[in-house]
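Beneath this line is the structure, given in structure tokens, with notes to follow.
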Amino acid sequence: MEYRRLGASGLLVPALSFGAGTFGGRGALFSAWGDTDAAQARRLVDISVEAGVTMFDTADVYSDGASEEVLGAAIAGRRDQVLISTKAGLPTGPGPYEAGSGRARLIGAVENSLRRLGIEHIDLFQLHAFDARTPVEETLGALDDLVRAGKIRYLGASNFAGWELMKSLAAADRDGLTRYVAHQVFYSLVGRDYEWELMPLGQDQGVGAVVWSPLGWGRLTGKIRRGQPLPAGSRLHQTAEAGPPVDDELLYDVVDVLDDIAAETGRTVPQIALNWLLSRPTVATVIVGARDENQLRQNLGAVGWQLEPEHLARLDKASATTPPYPYYPYRRLPDFARLNPSLV
């Protein structure tokens with residue numbers, strides 16, 4: 001396993017992390033993802049740690065907290081071997097104090113996550129979304145206090161717009177507070193919006209990408225093909241509307257190229273899609289999930305090798321889309337490109 005520095009921090013994280021969204025199985029969305037119990041989770045954690053996948057990602061909203069509980073049971077007795085990443089900020093209930101990133105909410109959310117996980121500190125704590133109702137100074141102050149109290153080691157954001165992340169980083173610098181070093185983002189061959197603004201921001205500000213749904217919300221598994229119906233067992237039947245939108249023709253064009261490269265390399269479609277991501281700037285770790293051992297072992301095969309430059313170029317071309325304004329001139333016009341090569 002390759003280990004990479006998380007942004008500008010001193011934390012080394014594995015190139016692949018394990019996503020515990022399949023743990024617990026509570027609620028309509030997460031039961032469609034999986035219902036891994038503690039015994040099954042321990043086996044998946046065993047395989048992951050043996051392969052060097054030492055970071056495990058969850059959130060308080062995953063299966064109404066059951067994901068954290070199952071993960072906590074699965075890592076019991078080996079806390080010193082793993083990194084725990086969790087998130088808070090999205091609503092966990094209808095009450096006024098069950099959502100957002102205010103001081104009281106964050107302190108309570110961290111305490112609850114620590115209790116469910118059965119641990120004394122969180123290695124990477126991320127805000128699950130930007131809370132526009134709360135001043136960033138209050139949010140950052142609360143997080144800084146939690147870091148100083150030893151309950152959190154490193155901070156990250158998730159699903160922030162560029163201006164939201166930059167506003168937070170500037171406020172942290174101005175007030176001498178702990179900075180975000182990670183941004184958990186959707187990024188895949190069928191979803192490259194991260195590249196337009198957030199990737200250059202990450203390069204400039206030392207914020208590493210923690211990639212969620214690297215297989216395009218389950219679309220790059222190798223089971224979806226042009227002219228064929230969605231497989232009967234696909235979770236997309238239940239979860240498509242909850243995930244990022246993907247253009248069907250773009251998906252089919254990308255899968256065609258993935259199929260060709262799979263035939264040429266002897267790798268699987270998911271392994272190629274994951275390996276492409278690992279070659280991208282700012283990507284620190286890619287979160288992979290698995291409902292069983294076979295899925296996990298297949299995903300682990302995405303590391304330890306590299307796609308050829310010619311393969312990368314073909315995948316880049318097949319997955320390219322026209323960026324929105326004001327980014328497209330930097331891709332199309334040489335004079336713009338000279339001024340800001342990070343957007344090219």
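We label chains A, B, ... in the order they appear in the structure tokens, count residues from 1 in each chain, and number ligands from 1 in the order shown.
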
Enumerate, as a PyMOL selection string, the complete set of residues in range 98-299 of chain A that a backbone-based DSSP assignment places in alpha helix (DSSP H). chain A and resi 103-117+136-148+162-175+198-205+236-239+248-265+269-278+293-299

Test item, strand (DSSP E or B) assignment across range 44-260 of chain A, answer as a VMD selection string: chain A and resid 55 to 57 83 to 88 122 to 127 152 to 158 180 to 186 188 191 208 to 212

Pull N, CA and C atoms from the residues just selected and write them as a compact mmCIF listing (two decimals), in the first residue's frame.
# COMPACT_ATOMS: atom_id res chain seq x y z
N MET A 55 -7.17 3.44 7.09
CA MET A 55 -8.12 4.51 7.44
C MET A 55 -9.54 4.07 7.11
N PHE A 56 -10.43 4.30 8.06
CA PHE A 56 -11.83 3.89 7.93
C PHE A 56 -12.72 5.12 8.09
N ASP A 57 -13.59 5.33 7.11
CA ASP A 57 -14.40 6.54 7.06
C ASP A 57 -15.86 6.24 7.32
N LEU A 83 -6.69 4.50 11.53
CA LEU A 83 -7.11 5.89 11.57
C LEU A 83 -8.62 5.92 11.40
N ILE A 84 -9.29 6.73 12.20
CA ILE A 84 -10.74 6.84 12.11
C ILE A 84 -11.11 8.23 11.59
N SER A 85 -11.90 8.24 10.53
CA SER A 85 -12.40 9.47 9.92
C SER A 85 -13.92 9.45 10.03
N THR A 86 -14.48 10.51 10.57
CA THR A 86 -15.94 10.60 10.61
C THR A 86 -16.38 12.03 10.31
N LYS A 87 -17.68 12.21 10.19
CA LYS A 87 -18.23 13.49 9.75
C LYS A 87 -19.48 13.83 10.55
N ALA A 88 -19.79 15.13 10.61
CA ALA A 88 -21.02 15.59 11.23
C ALA A 88 -21.42 16.92 10.59
N ILE A 122 -10.72 11.29 17.50
CA ILE A 122 -11.00 11.09 16.08
C ILE A 122 -9.79 11.58 15.30
N ASP A 123 -9.27 10.76 14.42
CA ASP A 123 -8.07 11.16 13.67
C ASP A 123 -8.36 12.24 12.64
N LEU A 124 -9.47 12.12 11.91
CA LEU A 124 -9.86 13.13 10.93
C LEU A 124 -11.35 13.39 11.08
N PHE A 125 -11.69 14.60 11.49
CA PHE A 125 -13.09 14.99 11.65
C PHE A 125 -13.43 16.00 10.57
N GLN A 126 -14.51 15.73 9.82
CA GLN A 126 -14.88 16.58 8.69
C GLN A 126 -16.31 17.09 8.85
N LEU A 127 -16.52 18.35 8.49
CA LEU A 127 -17.88 18.88 8.40
C LEU A 127 -18.52 18.31 7.14
N ILE A 152 -9.92 15.62 18.68
CA ILE A 152 -9.75 15.55 17.23
C ILE A 152 -8.29 15.81 16.92
N ARG A 153 -7.74 15.09 15.94
CA ARG A 153 -6.34 15.31 15.54
C ARG A 153 -6.23 16.23 14.32
N TYR A 154 -7.03 15.96 13.29
CA TYR A 154 -6.99 16.76 12.06
C TYR A 154 -8.40 17.10 11.62
N LEU A 155 -8.51 18.25 10.90
CA LEU A 155 -9.81 18.75 10.46
C LEU A 155 -9.94 18.72 8.94
N GLY A 156 -11.16 18.47 8.49
CA GLY A 156 -11.46 18.52 7.07
C GLY A 156 -12.87 19.03 6.83
N ALA A 157 -13.15 19.31 5.58
CA ALA A 157 -14.48 19.70 5.14
C ALA A 157 -14.98 18.64 4.17
N SER A 158 -16.24 18.76 3.80
CA SER A 158 -16.80 17.85 2.80
C SER A 158 -17.92 18.55 2.07
N TYR A 180 -8.36 23.41 7.89
CA TYR A 180 -8.75 22.18 7.20
C TYR A 180 -7.57 21.70 6.35
N VAL A 181 -7.28 20.41 6.43
CA VAL A 181 -6.22 19.84 5.60
C VAL A 181 -6.77 18.83 4.60
N ALA A 182 -8.09 18.58 4.68
CA ALA A 182 -8.72 17.60 3.79
C ALA A 182 -10.06 18.14 3.31
N HIS A 183 -10.44 17.71 2.13
CA HIS A 183 -11.76 18.01 1.59
C HIS A 183 -12.30 16.72 0.99
N GLN A 184 -13.35 16.17 1.61
CA GLN A 184 -13.94 14.93 1.11
C GLN A 184 -14.92 15.30 -0.01
N VAL A 185 -14.64 14.79 -1.21
CA VAL A 185 -15.33 15.27 -2.41
C VAL A 185 -15.78 14.10 -3.30
N PHE A 186 -16.82 14.37 -4.08
CA PHE A 186 -17.19 13.45 -5.14
C PHE A 186 -16.27 13.70 -6.33
N SER A 188 -14.85 11.33 -9.90
CA SER A 188 -14.75 10.06 -10.61
C SER A 188 -14.63 10.35 -12.10
N GLY A 191 -17.60 12.16 -13.12
CA GLY A 191 -17.91 13.34 -12.32
C GLY A 191 -16.64 14.11 -12.01
N GLY A 208 -5.85 18.28 0.86
CA GLY A 208 -5.86 17.03 0.11
C GLY A 208 -7.27 16.52 -0.11
N ALA A 209 -7.48 15.87 -1.24
CA ALA A 209 -8.79 15.31 -1.57
C ALA A 209 -8.94 13.92 -0.97
N VAL A 210 -10.05 13.73 -0.26
CA VAL A 210 -10.49 12.42 0.21
C VAL A 210 -11.70 12.09 -0.65
N VAL A 211 -11.56 11.18 -1.58
CA VAL A 211 -12.56 10.98 -2.63
C VAL A 211 -13.65 10.02 -2.20
N TRP A 212 -14.92 10.48 -2.28
CA TRP A 212 -16.04 9.57 -2.02
C TRP A 212 -16.70 9.19 -3.34

Nearest to Ala132 in chain A, chosen from A:Glu164, A:Asp145, A:Glu50, A:Asp204, with only C-alpha atoms counted in the distances: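 Distance minimum relative to Ala132 in chain A lands on A:Glu164.
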
Skipping near chain neighbours, those fewer than 6 positions away, what residues fall within 10 Å of range 102-104 of chain A using only C-alpha atoms, listed as a short mmCIF file (atom, residue, chain, number, x, y, z; two decimals) with C-alpha atoms, in the first residue's frame?
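So around_27.cif came out as:
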data_model
loop_
_atom_site.label_atom_id
_atom_site.label_comp_id
_atom_site.auth_asym_id
_atom_site.auth_seq_id
_atom_site.Cartn_x
_atom_site.Cartn_y
_atom_site.Cartn_z
CA GLY A 89 -23.16 18.57 10.26
CA ASP A 131 -23.56 25.56 7.33
CA ARG A 133 -26.41 29.92 9.04
CA THR A 134 -23.45 29.80 11.41
CA PRO A 135 -20.49 32.22 11.28
CA VAL A 136 -17.37 30.42 10.14
CA GLU A 137 -15.53 31.93 13.10
CA GLU A 138 -17.85 30.11 15.53
CA THR A 139 -17.48 26.82 13.68
CA LEU A 140 -13.71 27.07 13.44
CA GLY A 141 -13.40 28.18 17.06
CA ALA A 142 -15.37 25.16 18.28
CA LEU A 143 -13.32 22.80 16.13
CA ASP A 145 -11.16 23.87 20.93
#

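The residue that comes closest to Leu300 in chain A, out of A:Leu230, A:Met1, A:Ala172, A:Val257 and on the basis of only C-alpha atoms, is A:Met1.
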
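Closest approach to Thr36 in chain A among A:Ala74, A:Ile287, A:Leu315, A:Ala15 is made by A:Ala74 (distances from only C-alpha atoms).
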
Using only C-alpha atoms, which protein or nucleic acid residues come within 12 Å of Gln295 in chain A? Drop anything in the same chain fewer than 5 positions from it, and give the result as a PyMOL selection string. chain A and resi 18+44+47-48+221+268+270-271+288-290+300-302

Prev. selection, N, CA and C atoms, output as a PDB file, in the first residue's frame:
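Listing of again.pdb after writing:
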ATOM      1  N   PHE A  18     -11.156   2.709   3.611  1.00  0.00           N
ATOM      2  CA  PHE A  18     -12.374   1.901   3.604  1.00  0.00           C
ATOM      3  C   PHE A  18     -13.549   2.746   4.070  1.00  0.00           C
ATOM      4  N   LEU A  44     -13.917  -7.700   7.375  1.00  0.00           N
ATOM      5  CA  LEU A  44     -13.518  -6.717   6.365  1.00  0.00           C
ATOM      6  C   LEU A  44     -12.388  -5.827   6.879  1.00  0.00           C
ATOM      7  N   ILE A  47      -9.087  -7.852   6.681  1.00  0.00           N
ATOM      8  CA  ILE A  47      -8.541  -7.890   5.319  1.00  0.00           C
ATOM      9  C   ILE A  47      -7.931  -6.540   4.953  1.00  0.00           C
ATOM     10  N   SER A  48      -8.625  -5.464   5.329  1.00  0.00           N
ATOM     11  CA  SER A  48      -8.149  -4.117   5.010  1.00  0.00           C
ATOM     12  C   SER A  48      -6.805  -3.840   5.690  1.00  0.00           C
ATOM     13  N   THR A 221     -18.912  -0.106 -12.089  1.00  0.00           N
ATOM     14  CA  THR A 221     -18.611  -1.438 -11.569  1.00  0.00           C
ATOM     15  C   THR A 221     -18.307  -2.434 -12.680  1.00  0.00           C
ATOM     16  N   THR A 268      -9.641  -5.195 -13.878  1.00  0.00           N
ATOM     17  CA  THR A 268     -11.086  -5.045 -13.950  1.00  0.00           C
ATOM     18  C   THR A 268     -11.455  -3.582 -14.181  1.00  0.00           C
ATOM     19  N   PRO A 270     -13.529  -1.613 -12.388  1.00  0.00           N
ATOM     20  CA  PRO A 270     -13.376  -0.790 -11.189  1.00  0.00           C
ATOM     21  C   PRO A 270     -11.921  -0.499 -10.835  1.00  0.00           C
ATOM     22  N   GLN A 271     -11.039  -1.477 -11.008  1.00  0.00           N
ATOM     23  CA  GLN A 271      -9.627  -1.254 -10.683  1.00  0.00           C
ATOM     24  C   GLN A 271      -9.034  -0.152 -11.550  1.00  0.00           C
ATOM     25  N   VAL A 288     -13.043   3.385  -0.709  1.00  0.00           N
ATOM     26  CA  VAL A 288     -13.733   2.270  -1.362  1.00  0.00           C
ATOM     27  C   VAL A 288     -14.613   1.575  -0.337  1.00  0.00           C
ATOM     28  N   GLY A 289     -15.766   1.147  -0.774  1.00  0.00           N
ATOM     29  CA  GLY A 289     -16.666   0.393   0.088  1.00  0.00           C
ATOM     30  C   GLY A 289     -16.756  -1.045  -0.393  1.00  0.00           C
ATOM     31  N   ALA A 290     -17.331  -1.879   0.422  1.00  0.00           N
ATOM     32  CA  ALA A 290     -17.498  -3.286   0.040  1.00  0.00           C
ATOM     33  C   ALA A 290     -18.555  -3.917   0.919  1.00  0.00           C
ATOM     34  N   LEU A 300      -9.032  -3.722  -3.709  1.00  0.00           N
ATOM     35  CA  LEU A 300      -7.636  -3.641  -3.272  1.00  0.00           C
ATOM     36  C   LEU A 300      -6.672  -3.839  -4.439  1.00  0.00           C
ATOM     37  N   GLY A 301      -7.151  -4.475  -5.507  1.00  0.00           N
ATOM     38  CA  GLY A 301      -6.314  -4.681  -6.683  1.00  0.00           C
ATOM     39  C   GLY A 301      -6.088  -3.434  -7.511  1.00  0.00           C
ATOM     40  N   ALA A 302      -6.611  -2.293  -7.047  1.00  0.00           N
ATOM     41  CA  ALA A 302      -6.424  -1.040  -7.780  1.00  0.00           C
ATOM     42  C   ALA A 302      -5.078  -0.387  -7.497  1.00  0.00           C
TER      43      ALA A 302
END

Separation of CA of Leu6 in chain A from CA of Thr92 in chain A in Å: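 Atom-to-atom, CA of Thr92 in chain A and CA of Leu6 in chain A are spaced 28.2 Å apart.
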
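When the distance limit is 12 Å and only C-alpha atoms are what count, the residues near Val61 in chain A, minus those fewer than 6 positions from it on the same chain, are A:Ala20, A:Gly21, A:Phe23, A:Gly24, A:Gly25, A:Arg26, A:Gly27, A:Leu29, A:Phe30, A:Ser67, A:Glu68, A:Glu69, A:Thr86, A:Lys87, A:Ala88, A:Gly89, A:Leu90, A:Pro91, A:Thr92, A:Gly93, A:Glu98, A:Ala99, A:Ala109, A:Asn112, A:Ser113, A:Leu127, A:His128.
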
Export, as an mmCIF file, in the first residue's frame, the selected residues with N, CA and C atoms.
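The file below, out.cif, is the result:
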data_model
loop_
_atom_site.group_PDB
_atom_site.id
_atom_site.type_symbol
_atom_site.label_atom_id
_atom_site.label_comp_id
_atom_site.auth_asym_id
_atom_site.auth_seq_id
_atom_site.Cartn_x
_atom_site.Cartn_y
_atom_site.Cartn_z
ATOM 1 N N ALA A 20 -17.267 2.958 5.512
ATOM 2 C CA ALA A 20 -18.161 2.117 6.310
ATOM 3 C C ALA A 20 -19.629 2.459 6.104
ATOM 4 N N GLY A 21 -19.975 3.026 4.969
ATOM 5 C CA GLY A 21 -21.367 3.336 4.687
ATOM 6 C C GLY A 21 -22.253 2.105 4.595
ATOM 7 N N PHE A 23 -22.060 -0.355 6.695
ATOM 8 C CA PHE A 23 -22.192 -0.914 8.037
ATOM 9 C C PHE A 23 -23.495 -0.434 8.675
ATOM 10 N N GLY A 24 -24.253 -1.337 9.260
ATOM 11 C CA GLY A 24 -25.432 -0.951 10.020
ATOM 12 C C GLY A 24 -26.740 -1.275 9.337
ATOM 13 N N GLY A 25 -26.940 -0.729 8.132
ATOM 14 C CA GLY A 25 -28.121 -1.068 7.346
ATOM 15 C C GLY A 25 -29.436 -0.495 7.860
ATOM 16 N N ARG A 26 -29.417 0.677 8.494
ATOM 17 C CA ARG A 26 -30.651 1.289 8.967
ATOM 18 C C ARG A 26 -31.132 2.360 7.984
ATOM 19 N N GLY A 27 -32.446 2.416 7.765
ATOM 20 C CA GLY A 27 -33.011 3.438 6.903
ATOM 21 C C GLY A 27 -33.045 3.001 5.458
ATOM 22 N N LEU A 29 -32.099 4.461 2.547
ATOM 23 C CA LEU A 29 -30.903 4.653 1.726
ATOM 24 C C LEU A 29 -29.798 3.694 2.124
ATOM 25 N N PHE A 30 -29.475 3.643 3.410
ATOM 26 C CA PHE A 30 -28.308 2.864 3.837
ATOM 27 C C PHE A 30 -28.580 1.364 3.858
ATOM 28 N N SER A 67 -23.532 2.861 11.769
ATOM 29 C CA SER A 67 -22.256 2.638 11.086
ATOM 30 C C SER A 67 -21.093 2.880 12.041
ATOM 31 N N GLU A 68 -21.157 3.968 12.812
ATOM 32 C CA GLU A 68 -20.097 4.229 13.782
ATOM 33 C C GLU A 68 -20.049 3.134 14.848
ATOM 34 N N GLU A 69 -21.208 2.684 15.294
ATOM 35 C CA GLU A 69 -21.247 1.642 16.320
ATOM 36 C C GLU A 69 -20.616 0.344 15.814
ATOM 37 N N THR A 86 -14.479 10.512 10.567
ATOM 38 C CA THR A 86 -15.939 10.598 10.615
ATOM 39 C C THR A 86 -16.382 12.025 10.309
ATOM 40 N N LYS A 87 -17.681 12.209 10.193
ATOM 41 C CA LYS A 87 -18.226 13.490 9.752
ATOM 42 C C LYS A 87 -19.482 13.830 10.548
ATOM 43 N N ALA A 88 -19.788 15.128 10.607
ATOM 44 C CA ALA A 88 -21.024 15.592 11.231
ATOM 45 C C ALA A 88 -21.415 16.917 10.592
ATOM 46 N N GLY A 89 -22.661 17.306 10.793
ATOM 47 C CA GLY A 89 -23.156 18.571 10.261
ATOM 48 C C GLY A 89 -24.490 18.442 9.560
ATOM 49 N N LEU A 90 -24.717 17.310 8.887
ATOM 50 C CA LEU A 90 -26.010 17.075 8.265
ATOM 51 C C LEU A 90 -27.055 16.781 9.349
ATOM 52 N N PRO A 91 -28.326 16.998 9.048
ATOM 53 C CA PRO A 91 -29.358 16.751 10.060
ATOM 54 C C PRO A 91 -29.407 15.292 10.490
ATOM 55 N N THR A 92 -29.489 15.093 11.798
ATOM 56 C CA THR A 92 -29.680 13.754 12.349
ATOM 57 C C THR A 92 -31.081 13.592 12.927
ATOM 58 N N GLY A 93 -31.889 14.628 12.838
ATOM 59 C CA GLY A 93 -33.256 14.602 13.331
ATOM 60 C C GLY A 93 -33.941 15.917 13.006
ATOM 61 N N GLU A 98 -30.272 19.606 15.953
ATOM 62 C CA GLU A 98 -29.838 18.336 15.370
ATOM 63 C C GLU A 98 -29.272 18.507 13.964
ATOM 64 N N ALA A 99 -28.790 19.700 13.667
ATOM 65 C CA ALA A 99 -28.206 19.962 12.353
ATOM 66 C C ALA A 99 -27.259 21.151 12.452
ATOM 67 N N ALA A 109 -21.937 16.554 18.778
ATOM 68 C CA ALA A 109 -21.758 15.562 17.715
ATOM 69 C C ALA A 109 -20.457 14.783 17.903
ATOM 70 N N ASN A 112 -20.812 12.358 20.847
ATOM 71 C CA ASN A 112 -21.644 11.209 20.473
ATOM 72 C C ASN A 112 -20.887 10.250 19.559
ATOM 73 N N SER A 113 -20.117 10.791 18.619
ATOM 74 C CA SER A 113 -19.341 9.924 17.728
ATOM 75 C C SER A 113 -18.280 9.156 18.512
ATOM 76 N N LEU A 127 -16.524 18.355 8.487
ATOM 77 C CA LEU A 127 -17.877 18.885 8.395
ATOM 78 C C LEU A 127 -18.518 18.307 7.143
ATOM 79 N N HIS A 128 -19.691 17.703 7.294
ATOM 80 C CA HIS A 128 -20.313 16.987 6.184
ATOM 81 C C HIS A 128 -20.861 17.929 5.119
#

CA of Gln203 in chain A and CA of Leu220 in chain A are how many Å apart?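 CA of Leu220 in chain A lies 26.9 Å from CA of Gln203 in chain A.
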
Determine, counting only C-alpha atoms, which protein, DNA and RNA residues have an atom within 10 Å of an atom of range 224-226 of chain A; residues of the same chain fewer than 3 positions away are not included. Present the result as a ChimeraX atom specification. /A:218-221,229-231,234,248-249,251-253,255-256,259

Using only N, CA and C atoms, please write the residues we just selected to a file, as a tab-separated table (two decimals), in the first residue's frame.
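The file below, selection28.tsv, is the result:
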chain	number	residue	atom	x	y	z
A	218	GLY	N	-21.68	3.87	-8.01
A	218	GLY	CA	-21.95	2.49	-8.42
A	218	GLY	C	-22.11	2.27	-9.91
A	219	ARG	N	-21.81	3.27	-10.71
A	219	ARG	CA	-22.02	3.14	-12.16
A	219	ARG	C	-20.81	2.57	-12.90
A	220	LEU	N	-19.65	2.58	-12.25
A	220	LEU	CA	-18.42	2.10	-12.90
A	220	LEU	C	-17.97	0.76	-12.34
A	221	THR	N	-18.91	-0.11	-12.09
A	221	THR	CA	-18.61	-1.44	-11.57
A	221	THR	C	-18.31	-2.43	-12.68
A	229	PRO	N	-30.31	-3.08	-19.97
A	229	PRO	CA	-31.04	-2.55	-18.82
A	229	PRO	C	-30.17	-2.58	-17.57
A	230	LEU	N	-30.53	-1.76	-16.60
A	230	LEU	CA	-29.84	-1.75	-15.32
A	230	LEU	C	-29.95	-3.14	-14.69
A	231	PRO	N	-28.84	-3.73	-14.24
A	231	PRO	CA	-28.91	-5.07	-13.64
A	231	PRO	C	-29.92	-5.13	-12.50
A	234	SER	N	-28.72	-4.15	-8.98
A	234	SER	CA	-28.03	-2.89	-8.77
A	234	SER	C	-28.73	-2.05	-7.71
A	248	ASP	N	-25.97	9.80	-19.15
A	248	ASP	CA	-25.89	8.41	-19.61
A	248	ASP	C	-24.89	8.24	-20.74
A	249	GLU	N	-24.89	9.15	-21.72
A	249	GLU	CA	-23.97	8.99	-22.85
A	249	GLU	C	-22.52	9.12	-22.42
A	251	LEU	N	-21.42	8.30	-19.48
A	251	LEU	CA	-21.15	7.03	-18.79
A	251	LEU	C	-20.81	5.93	-19.78
A	252	TYR	N	-21.61	5.79	-20.83
A	252	TYR	CA	-21.37	4.72	-21.79
A	252	TYR	C	-20.05	4.92	-22.53
A	253	ASP	N	-19.72	6.17	-22.87
A	253	ASP	CA	-18.45	6.43	-23.55
A	253	ASP	C	-17.27	6.05	-22.65
A	255	VAL	N	-17.32	3.88	-20.10
A	255	VAL	CA	-17.30	2.43	-19.90
A	255	VAL	C	-16.72	1.71	-21.13
A	256	ASP	N	-17.00	2.22	-22.32
A	256	ASP	CA	-16.42	1.62	-23.53
A	256	ASP	C	-14.90	1.63	-23.47
A	259	ASP	N	-13.65	-0.74	-20.74
A	259	ASP	CA	-13.69	-2.12	-21.21
A	259	ASP	C	-12.47	-2.44	-22.08

Given the choices A:Gly108, A:Asp292, A:Ile272, A:Leu215, which gets closest to Gly304 in chain A if the distance is worked out from only C-alpha atoms? A:Ile272

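Of note, CA of Arg4 in chain A and CA of Trp276 in chain A are spaced 15.9 Å apart.
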
Which residues are near Leu343 in chain A? Cut-off 12 Å, only C-alpha atoms, ignore same chain within fewer than 5 positions. Put them as JSON, numbers by chain. {"A": [193, 194, 195, 196, 197, 198, 199, 200, 201, 203, 204, 281, 323, 324, 325, 326, 327, 328, 329, 330, 331, 332, 333, 334, 336, 337, 338]}

Written selection (C-alpha atoms) as a compact mmCIF listing (two decimals), in the first residue's frame:
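Written file, part.txt:
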# COMPACT_ATOMS: atom_id res chain seq x y z
CA ASP A 193 -16.39 18.90 -11.55
CA TYR A 194 -13.89 18.80 -8.67
CA GLU A 195 -11.17 19.75 -11.17
CA TRP A 196 -12.54 23.16 -12.15
CA GLU A 197 -12.10 25.06 -8.87
CA LEU A 198 -11.60 22.77 -5.90
CA MET A 199 -8.52 21.00 -7.23
CA PRO A 200 -6.58 24.23 -7.95
CA LEU A 201 -7.67 25.50 -4.53
CA GLN A 203 -3.07 22.62 -4.71
CA ASP A 204 -2.66 26.24 -3.69
CA PRO A 281 -3.34 15.92 -8.48
CA PRO A 323 -16.13 23.24 -17.90
CA PRO A 324 -18.48 26.04 -16.85
CA TYR A 325 -17.60 29.72 -17.01
CA PRO A 326 -15.18 31.15 -15.97
CA TYR A 327 -13.07 28.00 -16.34
CA TYR A 328 -13.52 27.04 -19.98
CA PRO A 329 -11.27 29.82 -21.41
CA TYR A 330 -8.29 28.34 -19.55
CA ARG A 331 -8.90 25.03 -21.31
CA ARG A 332 -9.52 26.52 -24.76
CA LEU A 333 -7.49 29.72 -25.14
CA PRO A 334 -3.68 29.77 -24.95
CA PHE A 336 -5.70 32.29 -20.59
CA ALA A 337 -3.77 29.05 -20.12
CA ARG A 338 -0.49 30.96 -19.80
